[in-house]
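Undergrad: final.cif (mmCIF, N, CA and C atoms) pasted underneath:
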```cif
data_query
#
loop_
_atom_site.label_atom_id
_atom_site.label_comp_id
_atom_site.auth_asym_id
_atom_site.auth_seq_id
_atom_site.Cartn_x
_atom_site.Cartn_y
_atom_site.Cartn_z
N MET F 1 -33.85 -36.11 -28.16
CA MET F 1 -32.44 -36.46 -28.28
C MET F 1 -31.79 -36.45 -26.88
N GLN F 2 -31.15 -37.54 -26.54
CA GLN F 2 -30.49 -37.65 -25.26
C GLN F 2 -29.02 -37.22 -25.40
N ILE F 3 -28.59 -36.38 -24.49
CA ILE F 3 -27.20 -35.93 -24.50
C ILE F 3 -26.42 -36.80 -23.52
N THR F 4 -25.30 -37.34 -23.97
CA THR F 4 -24.50 -38.24 -23.14
C THR F 4 -23.33 -37.49 -22.50
N MET F 5 -22.78 -38.09 -21.46
CA MET F 5 -21.62 -37.50 -20.78
C MET F 5 -20.45 -37.33 -21.75
N GLU F 6 -20.31 -38.25 -22.70
CA GLU F 6 -19.21 -38.17 -23.66
C GLU F 6 -19.28 -36.89 -24.49
N LYS F 7 -20.48 -36.35 -24.69
CA LYS F 7 -20.62 -35.10 -25.44
C LYS F 7 -20.43 -33.88 -24.56
N LEU F 8 -20.70 -34.02 -23.25
CA LEU F 8 -20.60 -32.90 -22.32
C LEU F 8 -19.24 -32.80 -21.64
N ILE F 9 -18.53 -33.91 -21.57
CA ILE F 9 -17.23 -33.93 -20.90
C ILE F 9 -16.23 -34.62 -21.83
N THR F 10 -15.21 -33.88 -22.24
CA THR F 10 -14.22 -34.43 -23.16
C THR F 10 -12.82 -34.33 -22.55
N PHE F 11 -11.96 -35.26 -22.95
CA PHE F 11 -10.58 -35.32 -22.48
C PHE F 11 -9.65 -35.06 -23.66
N HIS F 12 -8.67 -34.17 -23.45
CA HIS F 12 -7.67 -33.87 -24.48
C HIS F 12 -6.29 -33.97 -23.85
N GLN F 13 -5.40 -34.69 -24.51
CA GLN F 13 -4.04 -34.85 -23.98
C GLN F 13 -3.16 -33.68 -24.41
N HIS F 14 -2.31 -33.21 -23.46
CA HIS F 14 -1.36 -32.13 -23.70
C HIS F 14 -0.06 -32.45 -22.98
N ASN F 15 0.97 -32.84 -23.69
CA ASN F 15 2.31 -33.02 -23.11
C ASN F 15 2.34 -33.71 -21.75
N GLY F 16 1.74 -34.85 -21.63
CA GLY F 16 1.81 -35.62 -20.39
C GLY F 16 0.72 -35.33 -19.38
N PHE F 17 -0.19 -34.46 -19.67
CA PHE F 17 -1.32 -34.23 -18.78
C PHE F 17 -2.57 -34.12 -19.65
N TYR F 18 -3.72 -34.10 -19.01
CA TYR F 18 -4.99 -34.04 -19.73
C TYR F 18 -5.78 -32.81 -19.32
N VAL F 19 -6.49 -32.25 -20.29
CA VAL F 19 -7.46 -31.20 -20.03
C VAL F 19 -8.83 -31.84 -20.16
N ILE F 20 -9.62 -31.72 -19.11
CA ILE F 20 -10.99 -32.20 -19.13
C ILE F 20 -11.88 -30.98 -19.35
N GLU F 21 -12.54 -30.95 -20.50
CA GLU F 21 -13.45 -29.85 -20.83
C GLU F 21 -14.85 -30.23 -20.36
N VAL F 22 -15.40 -29.43 -19.47
CA VAL F 22 -16.73 -29.70 -18.92
C VAL F 22 -17.70 -28.70 -19.54
N GLY F 23 -18.59 -29.19 -20.37
CA GLY F 23 -19.55 -28.33 -21.07
C GLY F 23 -20.89 -28.28 -20.38
N ILE F 24 -20.89 -28.24 -19.08
CA ILE F 24 -22.12 -28.25 -18.28
C ILE F 24 -22.21 -26.92 -17.53
N GLU F 25 -23.38 -26.31 -17.52
CA GLU F 25 -23.57 -25.02 -16.85
C GLU F 25 -23.83 -25.17 -15.35
N ASN F 26 -24.51 -26.23 -14.94
CA ASN F 26 -24.89 -26.40 -13.54
C ASN F 26 -24.41 -27.74 -13.02
N ILE F 27 -23.46 -27.69 -12.10
CA ILE F 27 -23.00 -28.92 -11.46
C ILE F 27 -23.63 -28.91 -10.06
N VAL F 28 -24.75 -29.60 -10.00
CA VAL F 28 -25.57 -29.63 -8.79
C VAL F 28 -25.90 -31.08 -8.44
N PHE F 29 -26.62 -31.26 -7.36
CA PHE F 29 -26.91 -32.59 -6.82
C PHE F 29 -27.38 -33.58 -7.88
N SER F 30 -28.26 -33.15 -8.77
CA SER F 30 -28.86 -34.08 -9.73
C SER F 30 -27.88 -34.64 -10.75
N VAL F 31 -26.73 -34.00 -10.96
CA VAL F 31 -25.77 -34.47 -11.96
C VAL F 31 -24.37 -34.73 -11.42
N ALA F 32 -24.06 -34.25 -10.23
CA ALA F 32 -22.68 -34.33 -9.72
C ALA F 32 -22.17 -35.77 -9.63
N SER F 33 -22.99 -36.69 -9.14
CA SER F 33 -22.52 -38.07 -9.01
C SER F 33 -22.31 -38.73 -10.38
N LYS F 34 -23.14 -38.39 -11.35
CA LYS F 34 -22.97 -38.93 -12.71
C LYS F 34 -21.67 -38.42 -13.33
N ILE F 35 -21.39 -37.14 -13.14
CA ILE F 35 -20.15 -36.55 -13.64
C ILE F 35 -18.95 -37.21 -12.97
N MET F 36 -19.04 -37.39 -11.65
CA MET F 36 -17.94 -37.99 -10.90
C MET F 36 -17.65 -39.40 -11.38
N GLU F 37 -18.68 -40.21 -11.56
CA GLU F 37 -18.47 -41.59 -12.02
C GLU F 37 -17.85 -41.63 -13.42
N PHE F 38 -18.32 -40.78 -14.30
CA PHE F 38 -17.77 -40.73 -15.66
C PHE F 38 -16.29 -40.36 -15.63
N ILE F 39 -15.96 -39.31 -14.91
CA ILE F 39 -14.57 -38.85 -14.84
C ILE F 39 -13.70 -39.87 -14.12
N LYS F 40 -14.20 -40.45 -13.04
CA LYS F 40 -13.42 -41.45 -12.30
C LYS F 40 -13.04 -42.63 -13.19
N HIS F 41 -13.98 -43.14 -13.97
CA HIS F 41 -13.67 -44.26 -14.87
C HIS F 41 -12.61 -43.87 -15.90
N ARG F 42 -12.71 -42.67 -16.42
CA ARG F 42 -11.70 -42.22 -17.39
C ARG F 42 -10.34 -42.05 -16.72
N LEU F 43 -10.30 -41.52 -15.50
CA LEU F 43 -9.03 -41.36 -14.80
C LEU F 43 -8.38 -42.71 -14.53
N ILE F 44 -9.17 -43.71 -14.20
CA ILE F 44 -8.63 -45.06 -14.00
C ILE F 44 -8.02 -45.57 -15.31
N GLU F 45 -8.74 -45.41 -16.42
CA GLU F 45 -8.23 -45.84 -17.73
C GLU F 45 -6.93 -45.14 -18.08
N LEU F 46 -6.80 -43.88 -17.69
CA LEU F 46 -5.63 -43.07 -18.04
C LEU F 46 -4.52 -43.15 -16.98
N ASN F 47 -4.74 -43.93 -15.92
CA ASN F 47 -3.77 -44.09 -14.84
C ASN F 47 -3.51 -42.79 -14.07
N PHE F 48 -4.55 -42.04 -13.83
CA PHE F 48 -4.53 -40.85 -13.00
C PHE F 48 -3.42 -39.85 -13.35
N PRO F 49 -3.49 -39.27 -14.54
CA PRO F 49 -2.47 -38.28 -14.93
C PRO F 49 -2.73 -36.94 -14.24
N ASN F 50 -1.79 -36.02 -14.39
CA ASN F 50 -2.05 -34.63 -14.01
C ASN F 50 -3.19 -34.13 -14.89
N ILE F 51 -4.11 -33.37 -14.30
CA ILE F 51 -5.24 -32.90 -15.10
C ILE F 51 -5.59 -31.45 -14.80
N ILE F 52 -6.18 -30.85 -15.80
CA ILE F 52 -6.82 -29.54 -15.67
C ILE F 52 -8.30 -29.77 -15.97
N ILE F 53 -9.16 -29.37 -15.05
CA ILE F 53 -10.59 -29.40 -15.32
C ILE F 53 -10.98 -27.98 -15.73
N ASN F 54 -11.36 -27.83 -16.98
CA ASN F 54 -11.75 -26.53 -17.53
C ASN F 54 -13.27 -26.45 -17.57
N MET F 55 -13.82 -25.47 -16.86
CA MET F 55 -15.28 -25.32 -16.79
C MET F 55 -15.69 -23.93 -17.28
N PRO F 56 -15.54 -23.68 -18.57
CA PRO F 56 -15.82 -22.33 -19.09
C PRO F 56 -17.29 -21.95 -19.10
N HIS F 57 -18.19 -22.92 -19.01
CA HIS F 57 -19.62 -22.64 -19.10
C HIS F 57 -20.32 -22.68 -17.75
N ILE F 58 -19.59 -22.96 -16.68
CA ILE F 58 -20.21 -23.15 -15.37
C ILE F 58 -20.88 -21.86 -14.89
N LYS F 59 -22.11 -22.01 -14.42
CA LYS F 59 -22.86 -20.87 -13.88
C LYS F 59 -23.33 -21.14 -12.46
N LYS F 60 -23.50 -22.43 -12.12
CA LYS F 60 -24.01 -22.78 -10.80
C LYS F 60 -23.29 -24.01 -10.28
N LEU F 61 -22.88 -23.93 -9.02
CA LEU F 61 -22.18 -25.03 -8.35
C LEU F 61 -22.72 -25.09 -6.93
N ASP F 62 -23.32 -26.22 -6.56
CA ASP F 62 -23.81 -26.36 -5.20
C ASP F 62 -22.83 -27.22 -4.39
N SER F 63 -23.22 -27.61 -3.18
CA SER F 63 -22.32 -28.39 -2.32
C SER F 63 -21.95 -29.73 -2.96
N SER F 64 -22.84 -30.32 -3.74
CA SER F 64 -22.51 -31.56 -4.44
C SER F 64 -21.44 -31.33 -5.50
N GLY F 65 -21.51 -30.19 -6.17
CA GLY F 65 -20.50 -29.82 -7.15
C GLY F 65 -19.15 -29.58 -6.51
N ILE F 66 -19.17 -28.93 -5.35
CA ILE F 66 -17.93 -28.73 -4.60
C ILE F 66 -17.37 -30.09 -4.17
N GLY F 67 -18.25 -30.96 -3.70
CA GLY F 67 -17.82 -32.31 -3.31
C GLY F 67 -17.21 -33.07 -4.46
N PHE F 68 -17.77 -32.90 -5.65
CA PHE F 68 -17.20 -33.52 -6.85
C PHE F 68 -15.75 -33.05 -7.06
N LEU F 69 -15.51 -31.75 -6.99
CA LEU F 69 -14.16 -31.22 -7.20
C LEU F 69 -13.19 -31.71 -6.12
N ILE F 70 -13.64 -31.73 -4.87
CA ILE F 70 -12.78 -32.19 -3.77
C ILE F 70 -12.47 -33.68 -3.94
N THR F 71 -13.46 -34.47 -4.36
CA THR F 71 -13.24 -35.90 -4.57
C THR F 71 -12.23 -36.15 -5.69
N VAL F 72 -12.35 -35.42 -6.78
CA VAL F 72 -11.36 -35.54 -7.86
C VAL F 72 -9.99 -35.15 -7.35
N GLN F 73 -9.90 -34.09 -6.56
CA GLN F 73 -8.62 -33.66 -5.99
C GLN F 73 -8.01 -34.79 -5.17
N HIS F 74 -8.81 -35.44 -4.30
CA HIS F 74 -8.29 -36.54 -3.48
C HIS F 74 -7.83 -37.71 -4.35
N LEU F 75 -8.61 -38.06 -5.35
CA LEU F 75 -8.23 -39.16 -6.24
C LEU F 75 -6.90 -38.88 -6.94
N ILE F 76 -6.78 -37.69 -7.48
CA ILE F 76 -5.57 -37.32 -8.21
C ILE F 76 -4.36 -37.30 -7.28
N GLU F 77 -4.51 -36.65 -6.11
CA GLU F 77 -3.39 -36.56 -5.17
C GLU F 77 -2.98 -37.93 -4.64
N SER F 78 -3.94 -38.84 -4.47
CA SER F 78 -3.60 -40.17 -3.95
C SER F 78 -2.76 -40.97 -4.95
N HIS F 79 -2.69 -40.50 -6.18
CA HIS F 79 -1.86 -41.13 -7.20
C HIS F 79 -0.68 -40.24 -7.58
N ASN F 80 -0.32 -39.34 -6.68
CA ASN F 80 0.83 -38.44 -6.84
C ASN F 80 0.75 -37.59 -8.11
N SER F 81 -0.45 -37.20 -8.47
CA SER F 81 -0.65 -36.30 -9.61
C SER F 81 -1.27 -35.01 -9.11
N ARG F 82 -1.42 -34.06 -10.03
CA ARG F 82 -1.92 -32.73 -9.66
C ARG F 82 -3.19 -32.39 -10.44
N LEU F 83 -4.02 -31.56 -9.80
CA LEU F 83 -5.25 -31.07 -10.40
C LEU F 83 -5.25 -29.55 -10.39
N ILE F 84 -5.62 -28.97 -11.51
CA ILE F 84 -5.88 -27.53 -11.60
C ILE F 84 -7.31 -27.38 -12.10
N VAL F 85 -8.04 -26.47 -11.50
CA VAL F 85 -9.41 -26.19 -11.90
C VAL F 85 -9.46 -24.80 -12.52
N VAL F 86 -10.10 -24.69 -13.70
CA VAL F 86 -10.26 -23.41 -14.38
C VAL F 86 -11.72 -23.00 -14.30
N ILE F 87 -11.95 -21.88 -13.61
CA ILE F 87 -13.30 -21.32 -13.46
C ILE F 87 -13.18 -19.81 -13.63
N ASN F 88 -14.01 -19.26 -14.50
CA ASN F 88 -13.99 -17.80 -14.67
C ASN F 88 -15.29 -17.13 -14.23
N SER F 89 -16.23 -17.89 -13.71
CA SER F 89 -17.49 -17.34 -13.22
C SER F 89 -17.30 -16.75 -11.82
N GLN F 90 -17.55 -15.45 -11.69
CA GLN F 90 -17.38 -14.79 -10.40
C GLN F 90 -18.32 -15.36 -9.34
N SER F 91 -19.54 -15.71 -9.73
CA SER F 91 -20.49 -16.25 -8.75
C SER F 91 -20.05 -17.63 -8.26
N VAL F 92 -19.50 -18.45 -9.15
CA VAL F 92 -19.01 -19.77 -8.73
C VAL F 92 -17.76 -19.61 -7.88
N LEU F 93 -16.89 -18.69 -8.24
CA LEU F 93 -15.70 -18.44 -7.42
C LEU F 93 -16.10 -17.96 -6.03
N TRP F 94 -17.14 -17.16 -5.95
CA TRP F 94 -17.65 -16.68 -4.66
C TRP F 94 -18.13 -17.85 -3.81
N VAL F 95 -18.88 -18.78 -4.42
CA VAL F 95 -19.36 -19.97 -3.70
C VAL F 95 -18.18 -20.78 -3.17
N LEU F 96 -17.16 -20.97 -4.00
CA LEU F 96 -15.97 -21.71 -3.57
C LEU F 96 -15.25 -21.00 -2.43
N ASN F 97 -15.23 -19.67 -2.49
CA ASN F 97 -14.62 -18.88 -1.43
C ASN F 97 -15.39 -19.01 -0.12
N ILE F 98 -16.71 -18.89 -0.18
CA ILE F 98 -17.54 -19.01 1.02
C ILE F 98 -17.36 -20.39 1.66
N ALA F 99 -17.27 -21.41 0.84
CA ALA F 99 -17.08 -22.79 1.33
C ALA F 99 -15.62 -23.07 1.71
N GLN F 100 -14.76 -22.12 1.47
CA GLN F 100 -13.31 -22.21 1.69
C GLN F 100 -12.66 -23.33 0.87
N ALA F 101 -13.33 -23.75 -0.19
CA ALA F 101 -12.75 -24.76 -1.08
C ALA F 101 -11.63 -24.16 -1.91
N ASP F 102 -11.64 -22.84 -2.08
CA ASP F 102 -10.57 -22.19 -2.85
C ASP F 102 -9.23 -22.27 -2.14
N LYS F 103 -9.23 -22.57 -0.85
CA LYS F 103 -7.97 -22.73 -0.11
C LYS F 103 -7.37 -24.11 -0.37
N TYR F 104 -8.20 -25.04 -0.81
CA TYR F 104 -7.75 -26.41 -1.04
C TYR F 104 -7.49 -26.70 -2.52
N LEU F 105 -8.33 -26.12 -3.38
CA LEU F 105 -8.22 -26.36 -4.82
C LEU F 105 -7.28 -25.35 -5.47
N ASN F 106 -6.56 -25.78 -6.46
CA ASN F 106 -5.69 -24.90 -7.26
C ASN F 106 -6.55 -24.36 -8.40
N ILE F 107 -7.04 -23.12 -8.25
CA ILE F 107 -7.99 -22.54 -9.20
C ILE F 107 -7.32 -21.44 -10.00
N HIS F 108 -7.55 -21.47 -11.33
CA HIS F 108 -7.06 -20.43 -12.22
C HIS F 108 -8.24 -19.82 -12.97
N PRO F 109 -8.11 -18.55 -13.39
CA PRO F 109 -9.22 -17.88 -14.08
C PRO F 109 -9.35 -18.23 -15.55
N ASN F 110 -8.27 -18.79 -16.13
CA ASN F 110 -8.34 -19.13 -17.56
C ASN F 110 -7.39 -20.30 -17.85
N LEU F 111 -7.65 -20.93 -18.98
CA LEU F 111 -6.88 -22.13 -19.36
C LEU F 111 -5.42 -21.80 -19.64
N ASP F 112 -5.13 -20.65 -20.22
CA ASP F 112 -3.74 -20.29 -20.50
C ASP F 112 -2.89 -20.24 -19.25
N ASP F 113 -3.42 -19.65 -18.15
CA ASP F 113 -2.69 -19.61 -16.89
C ASP F 113 -2.45 -21.02 -16.33
N ALA F 114 -3.47 -21.87 -16.45
CA ALA F 114 -3.34 -23.24 -15.96
C ALA F 114 -2.30 -24.02 -16.76
N LEU F 115 -2.30 -23.83 -18.09
CA LEU F 115 -1.34 -24.52 -18.95
C LEU F 115 0.09 -24.14 -18.59
N ILE F 116 0.32 -22.88 -18.25
CA ILE F 116 1.66 -22.42 -17.88
C ILE F 116 2.17 -23.17 -16.65
N GLU F 117 1.28 -23.45 -15.70
CA GLU F 117 1.71 -24.14 -14.49
C GLU F 117 2.20 -25.56 -14.75
N PHE F 118 1.73 -26.21 -15.80
CA PHE F 118 2.16 -27.57 -16.12
C PHE F 118 3.35 -27.60 -17.09
N ARG F 119 3.87 -26.48 -17.48
CA ARG F 119 5.03 -26.47 -18.39
C ARG F 119 6.31 -26.63 -17.64
#
```
As a first step, turn the structure in this file into structure tokens.
TA:
Amino acid sequence: MQITMEKLITFHQHNGFYVIEVGIENIVFSVASKIMEFIKHRLIELNFPNIIINMPHIKKLDSSGIGFLITVQHLIESHNSRLIVVINSQSVLWVLNIAQADKYLNIHPNLDDALIEFR
């Protein structure tokens, strides 16, 4: 059985913004570009709304995964919208900190905190 991006990445609308649920544990070189292309096409269809990327299952993020998040940030900002990233994995947060990506990305530990920022 082949698992498609549509099953691993879902979009839900909430009061003028979208939550992107990412059901992938490892965002690494082998999948980062596929994830980026899928999300980019959806963002184009949706006219680049404000978004929250919720990654509750993430366990591993390499430099390609960080690049994916930074690229989404640039795309969203270039259309005057905002991105919030939800990550609760301490090891992934540590990687983002070491790479200093946490200084650029708006990261929250849970979806409830992120939702409050868009209210």
Undergrad: Could you tell me, as a PyMOL selection string, exactly which residues end up selected when the PyMOL selection byres ((chain F and resi 82-92) around 7) is applied to this structure?
TA: chain F and resi 48-56+58-61+72-73+76-77+79-81+93-97+105-111+114
Undergrad: Once you have the residues from the selection above, write them out as a CSV table (one decimal), keeping the file's coordinate frame, restricted to N, CA and C atoms.
TA:
```csv
chain,number,residue,atom,x,y,z
F,48,PHE,N,-4.6,-42.0,-13.8
F,48,PHE,CA,-4.5,-40.8,-13.0
F,48,PHE,C,-3.4,-39.8,-13.4
F,49,PRO,N,-3.5,-39.3,-14.5
F,49,PRO,CA,-2.5,-38.3,-14.9
F,49,PRO,C,-2.7,-36.9,-14.2
F,50,ASN,N,-1.8,-36.0,-14.4
F,50,ASN,CA,-2.0,-34.6,-14.0
F,50,ASN,C,-3.2,-34.1,-14.9
F,51,ILE,N,-4.1,-33.4,-14.3
F,51,ILE,CA,-5.2,-32.9,-15.1
F,51,ILE,C,-5.6,-31.4,-14.8
F,52,ILE,N,-6.2,-30.8,-15.8
F,52,ILE,CA,-6.8,-29.5,-15.7
F,52,ILE,C,-8.3,-29.8,-16.0
F,53,ILE,N,-9.2,-29.4,-15.0
F,53,ILE,CA,-10.6,-29.4,-15.3
F,53,ILE,C,-11.0,-28.0,-15.7
F,54,ASN,N,-11.4,-27.8,-17.0
F,54,ASN,CA,-11.8,-26.5,-17.5
F,54,ASN,C,-13.3,-26.4,-17.6
F,55,MET,N,-13.8,-25.5,-16.9
F,55,MET,CA,-15.3,-25.3,-16.8
F,55,MET,C,-15.7,-23.9,-17.3
F,56,PRO,N,-15.5,-23.7,-18.6
F,56,PRO,CA,-15.8,-22.3,-19.1
F,56,PRO,C,-17.3,-22.0,-19.1
F,58,ILE,N,-19.6,-23.0,-16.7
F,58,ILE,CA,-20.2,-23.2,-15.4
F,58,ILE,C,-20.9,-21.9,-14.9
F,59,LYS,N,-22.1,-22.0,-14.4
F,59,LYS,CA,-22.9,-20.9,-13.9
F,59,LYS,C,-23.3,-21.1,-12.5
F,60,LYS,N,-23.5,-22.4,-12.1
F,60,LYS,CA,-24.0,-22.8,-10.8
F,60,LYS,C,-23.3,-24.0,-10.3
F,61,LEU,N,-22.9,-23.9,-9.0
F,61,LEU,CA,-22.2,-25.0,-8.4
F,61,LEU,C,-22.7,-25.1,-6.9
F,72,VAL,N,-12.4,-35.4,-6.8
F,72,VAL,CA,-11.4,-35.5,-7.9
F,72,VAL,C,-10.0,-35.2,-7.4
F,73,GLN,N,-9.9,-34.1,-6.6
F,73,GLN,CA,-8.6,-33.7,-6.0
F,73,GLN,C,-8.0,-34.8,-5.2
F,76,ILE,N,-6.8,-37.7,-7.5
F,76,ILE,CA,-5.6,-37.3,-8.2
F,76,ILE,C,-4.4,-37.3,-7.3
F,77,GLU,N,-4.5,-36.6,-6.1
F,77,GLU,CA,-3.4,-36.6,-5.2
F,77,GLU,C,-3.0,-37.9,-4.6
F,79,HIS,N,-2.7,-40.5,-6.2
F,79,HIS,CA,-1.9,-41.1,-7.2
F,79,HIS,C,-0.7,-40.2,-7.6
F,80,ASN,N,-0.3,-39.3,-6.7
F,80,ASN,CA,0.8,-38.4,-6.8
F,80,ASN,C,0.8,-37.6,-8.1
F,81,SER,N,-0.4,-37.2,-8.5
F,81,SER,CA,-0.6,-36.3,-9.6
F,81,SER,C,-1.3,-35.0,-9.1
F,93,LEU,N,-16.9,-18.7,-8.2
F,93,LEU,CA,-15.7,-18.4,-7.4
F,93,LEU,C,-16.1,-18.0,-6.0
F,94,TRP,N,-17.1,-17.2,-6.0
F,94,TRP,CA,-17.6,-16.7,-4.7
F,94,TRP,C,-18.1,-17.8,-3.8
F,95,VAL,N,-18.9,-18.8,-4.4
F,95,VAL,CA,-19.4,-20.0,-3.7
F,95,VAL,C,-18.2,-20.8,-3.2
F,96,LEU,N,-17.2,-21.0,-4.0
F,96,LEU,CA,-16.0,-21.7,-3.6
F,96,LEU,C,-15.2,-21.0,-2.4
F,97,ASN,N,-15.2,-19.7,-2.5
F,97,ASN,CA,-14.6,-18.9,-1.4
F,97,ASN,C,-15.4,-19.0,-0.1
F,105,LEU,N,-8.3,-26.1,-3.4
F,105,LEU,CA,-8.2,-26.4,-4.8
F,105,LEU,C,-7.3,-25.4,-5.5
F,106,ASN,N,-6.6,-25.8,-6.5
F,106,ASN,CA,-5.7,-24.9,-7.3
F,106,ASN,C,-6.6,-24.4,-8.4
F,107,ILE,N,-7.0,-23.1,-8.2
F,107,ILE,CA,-8.0,-22.5,-9.2
F,107,ILE,C,-7.3,-21.4,-10.0
F,108,HIS,N,-7.6,-21.5,-11.3
F,108,HIS,CA,-7.1,-20.4,-12.2
F,108,HIS,C,-8.2,-19.8,-13.0
F,109,PRO,N,-8.1,-18.6,-13.4
F,109,PRO,CA,-9.2,-17.9,-14.1
F,109,PRO,C,-9.4,-18.2,-15.6
F,110,ASN,N,-8.3,-18.8,-16.1
F,110,ASN,CA,-8.3,-19.1,-17.6
F,110,ASN,C,-7.4,-20.3,-17.8
F,111,LEU,N,-7.6,-20.9,-19.0
F,111,LEU,CA,-6.9,-22.1,-19.4
F,111,LEU,C,-5.4,-21.8,-19.6
F,114,ALA,N,-3.5,-21.9,-16.4
F,114,ALA,CA,-3.3,-23.2,-16.0
F,114,ALA,C,-2.3,-24.0,-16.8
```
Undergrad: Could you state the separation of atom CA of Ile116 of chain F and atom CA of Tyr18 of chain F in Å, given to one decimal place?
TA: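 Computing it gives 13.5 Å between the two atoms.
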Undergrad: If you apply the PyMOL selection byres (((chain F and resi 21 and name CA) around 8) and name CA) to this file, what residues do you get, as a list in words?
TA: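 When the PyMOL selection byres (((chain F and resi 21 and name CA) around 8) and name CA) is applied, the selected residues are Leu8, Ile9, Thr10, Phe11, His12, Val19, Ile20, Val22, Gly23, Ile53, Asn54 and Met55 of chain F.
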Undergrad: Produce a file of the selected residues containing N, CA and C atoms, as an mmCIF file, in the frame of the given file.
TA:
```cif
data_model
loop_
_atom_site.group_PDB
_atom_site.id
_atom_site.type_symbol
_atom_site.label_atom_id
_atom_site.label_comp_id
_atom_site.auth_asym_id
_atom_site.auth_seq_id
_atom_site.Cartn_x
_atom_site.Cartn_y
_atom_site.Cartn_z
ATOM 1 N N LEU F 8 -20.700 -34.020 -23.250
ATOM 2 C CA LEU F 8 -20.600 -32.900 -22.320
ATOM 3 C C LEU F 8 -19.240 -32.800 -21.640
ATOM 4 N N ILE F 9 -18.530 -33.910 -21.570
ATOM 5 C CA ILE F 9 -17.230 -33.930 -20.900
ATOM 6 C C ILE F 9 -16.230 -34.620 -21.830
ATOM 7 N N THR F 10 -15.210 -33.880 -22.240
ATOM 8 C CA THR F 10 -14.220 -34.430 -23.160
ATOM 9 C C THR F 10 -12.820 -34.330 -22.550
ATOM 10 N N PHE F 11 -11.960 -35.260 -22.950
ATOM 11 C CA PHE F 11 -10.580 -35.320 -22.480
ATOM 12 C C PHE F 11 -9.650 -35.060 -23.660
ATOM 13 N N HIS F 12 -8.670 -34.170 -23.450
ATOM 14 C CA HIS F 12 -7.670 -33.870 -24.480
ATOM 15 C C HIS F 12 -6.290 -33.970 -23.850
ATOM 16 N N VAL F 19 -6.490 -32.250 -20.290
ATOM 17 C CA VAL F 19 -7.460 -31.200 -20.030
ATOM 18 C C VAL F 19 -8.830 -31.840 -20.160
ATOM 19 N N ILE F 20 -9.620 -31.720 -19.110
ATOM 20 C CA ILE F 20 -10.990 -32.200 -19.130
ATOM 21 C C ILE F 20 -11.880 -30.980 -19.350
ATOM 22 N N VAL F 22 -15.400 -29.430 -19.470
ATOM 23 C CA VAL F 22 -16.730 -29.700 -18.920
ATOM 24 C C VAL F 22 -17.700 -28.700 -19.540
ATOM 25 N N GLY F 23 -18.590 -29.190 -20.370
ATOM 26 C CA GLY F 23 -19.550 -28.330 -21.070
ATOM 27 C C GLY F 23 -20.890 -28.280 -20.380
ATOM 28 N N ILE F 53 -9.160 -29.370 -15.050
ATOM 29 C CA ILE F 53 -10.590 -29.400 -15.320
ATOM 30 C C ILE F 53 -10.980 -27.980 -15.730
ATOM 31 N N ASN F 54 -11.360 -27.830 -16.980
ATOM 32 C CA ASN F 54 -11.750 -26.530 -17.530
ATOM 33 C C ASN F 54 -13.270 -26.450 -17.570
ATOM 34 N N MET F 55 -13.820 -25.470 -16.860
ATOM 35 C CA MET F 55 -15.280 -25.320 -16.790
ATOM 36 C C MET F 55 -15.690 -23.930 -17.280
#
```
Undergrad: Measuring between only N, CA and C atoms, which one of F:Ala101, F:Ala32, F:Ile39, F:Ile24 shows the shortest distance to Phe68 of chain F?
TA: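 Of the candidates, the smallest distance to Phe68 of chain F is held by F:Ala32.
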Undergrad: Atom CA of His41 of chain F to atom CA of Glu117 of chain F: how many Å, to one decimal?
TA: 25.3 Å
Undergrad: Among the residues of segment 14-94 of chain F, find those DSSP assigns to strand (DSSP E or B) from the backbone and print them as a compact mmCIF listing (two decimals) with N, CA and C atoms, in the frame of the given file.
TA:
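File out.txt, as written:
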```
# COMPACT_ATOMS: atom_id res chain seq x y z
N HIS F 14 -2.31 -33.21 -23.46
CA HIS F 14 -1.36 -32.13 -23.70
C HIS F 14 -0.06 -32.45 -22.98
N PHE F 17 -0.19 -34.46 -19.67
CA PHE F 17 -1.32 -34.23 -18.78
C PHE F 17 -2.57 -34.12 -19.65
N TYR F 18 -3.72 -34.10 -19.01
CA TYR F 18 -4.99 -34.04 -19.73
C TYR F 18 -5.78 -32.81 -19.32
N VAL F 19 -6.49 -32.25 -20.29
CA VAL F 19 -7.46 -31.20 -20.03
C VAL F 19 -8.83 -31.84 -20.16
N ILE F 20 -9.62 -31.72 -19.11
CA ILE F 20 -10.99 -32.20 -19.13
C ILE F 20 -11.88 -30.98 -19.35
N GLU F 21 -12.54 -30.95 -20.50
CA GLU F 21 -13.45 -29.85 -20.83
C GLU F 21 -14.85 -30.23 -20.36
N VAL F 22 -15.40 -29.43 -19.47
CA VAL F 22 -16.73 -29.70 -18.92
C VAL F 22 -17.70 -28.70 -19.54
N ASN F 26 -24.51 -26.23 -14.94
CA ASN F 26 -24.89 -26.40 -13.54
C ASN F 26 -24.41 -27.74 -13.02
N ILE F 27 -23.46 -27.69 -12.10
CA ILE F 27 -23.00 -28.92 -11.46
C ILE F 27 -23.63 -28.91 -10.06
N ASN F 50 -1.79 -36.02 -14.39
CA ASN F 50 -2.05 -34.63 -14.01
C ASN F 50 -3.19 -34.13 -14.89
N ILE F 51 -4.11 -33.37 -14.30
CA ILE F 51 -5.24 -32.90 -15.10
C ILE F 51 -5.59 -31.45 -14.80
N ILE F 52 -6.18 -30.85 -15.80
CA ILE F 52 -6.82 -29.54 -15.67
C ILE F 52 -8.30 -29.77 -15.97
N ILE F 53 -9.16 -29.37 -15.05
CA ILE F 53 -10.59 -29.40 -15.32
C ILE F 53 -10.98 -27.98 -15.73
N ASN F 54 -11.36 -27.83 -16.98
CA ASN F 54 -11.75 -26.53 -17.53
C ASN F 54 -13.27 -26.45 -17.57
N LYS F 60 -23.50 -22.43 -12.12
CA LYS F 60 -24.01 -22.78 -10.80
C LYS F 60 -23.29 -24.01 -10.28
N LEU F 61 -22.88 -23.93 -9.02
CA LEU F 61 -22.18 -25.03 -8.35
C LEU F 61 -22.72 -25.09 -6.93
N LEU F 83 -4.02 -31.56 -9.80
CA LEU F 83 -5.25 -31.07 -10.40
C LEU F 83 -5.25 -29.55 -10.39
N ILE F 84 -5.62 -28.97 -11.51
CA ILE F 84 -5.88 -27.53 -11.60
C ILE F 84 -7.31 -27.38 -12.10
N VAL F 85 -8.04 -26.47 -11.50
CA VAL F 85 -9.41 -26.19 -11.90
C VAL F 85 -9.46 -24.80 -12.52
N VAL F 86 -10.10 -24.69 -13.70
CA VAL F 86 -10.26 -23.41 -14.38
C VAL F 86 -11.72 -23.00 -14.30
```
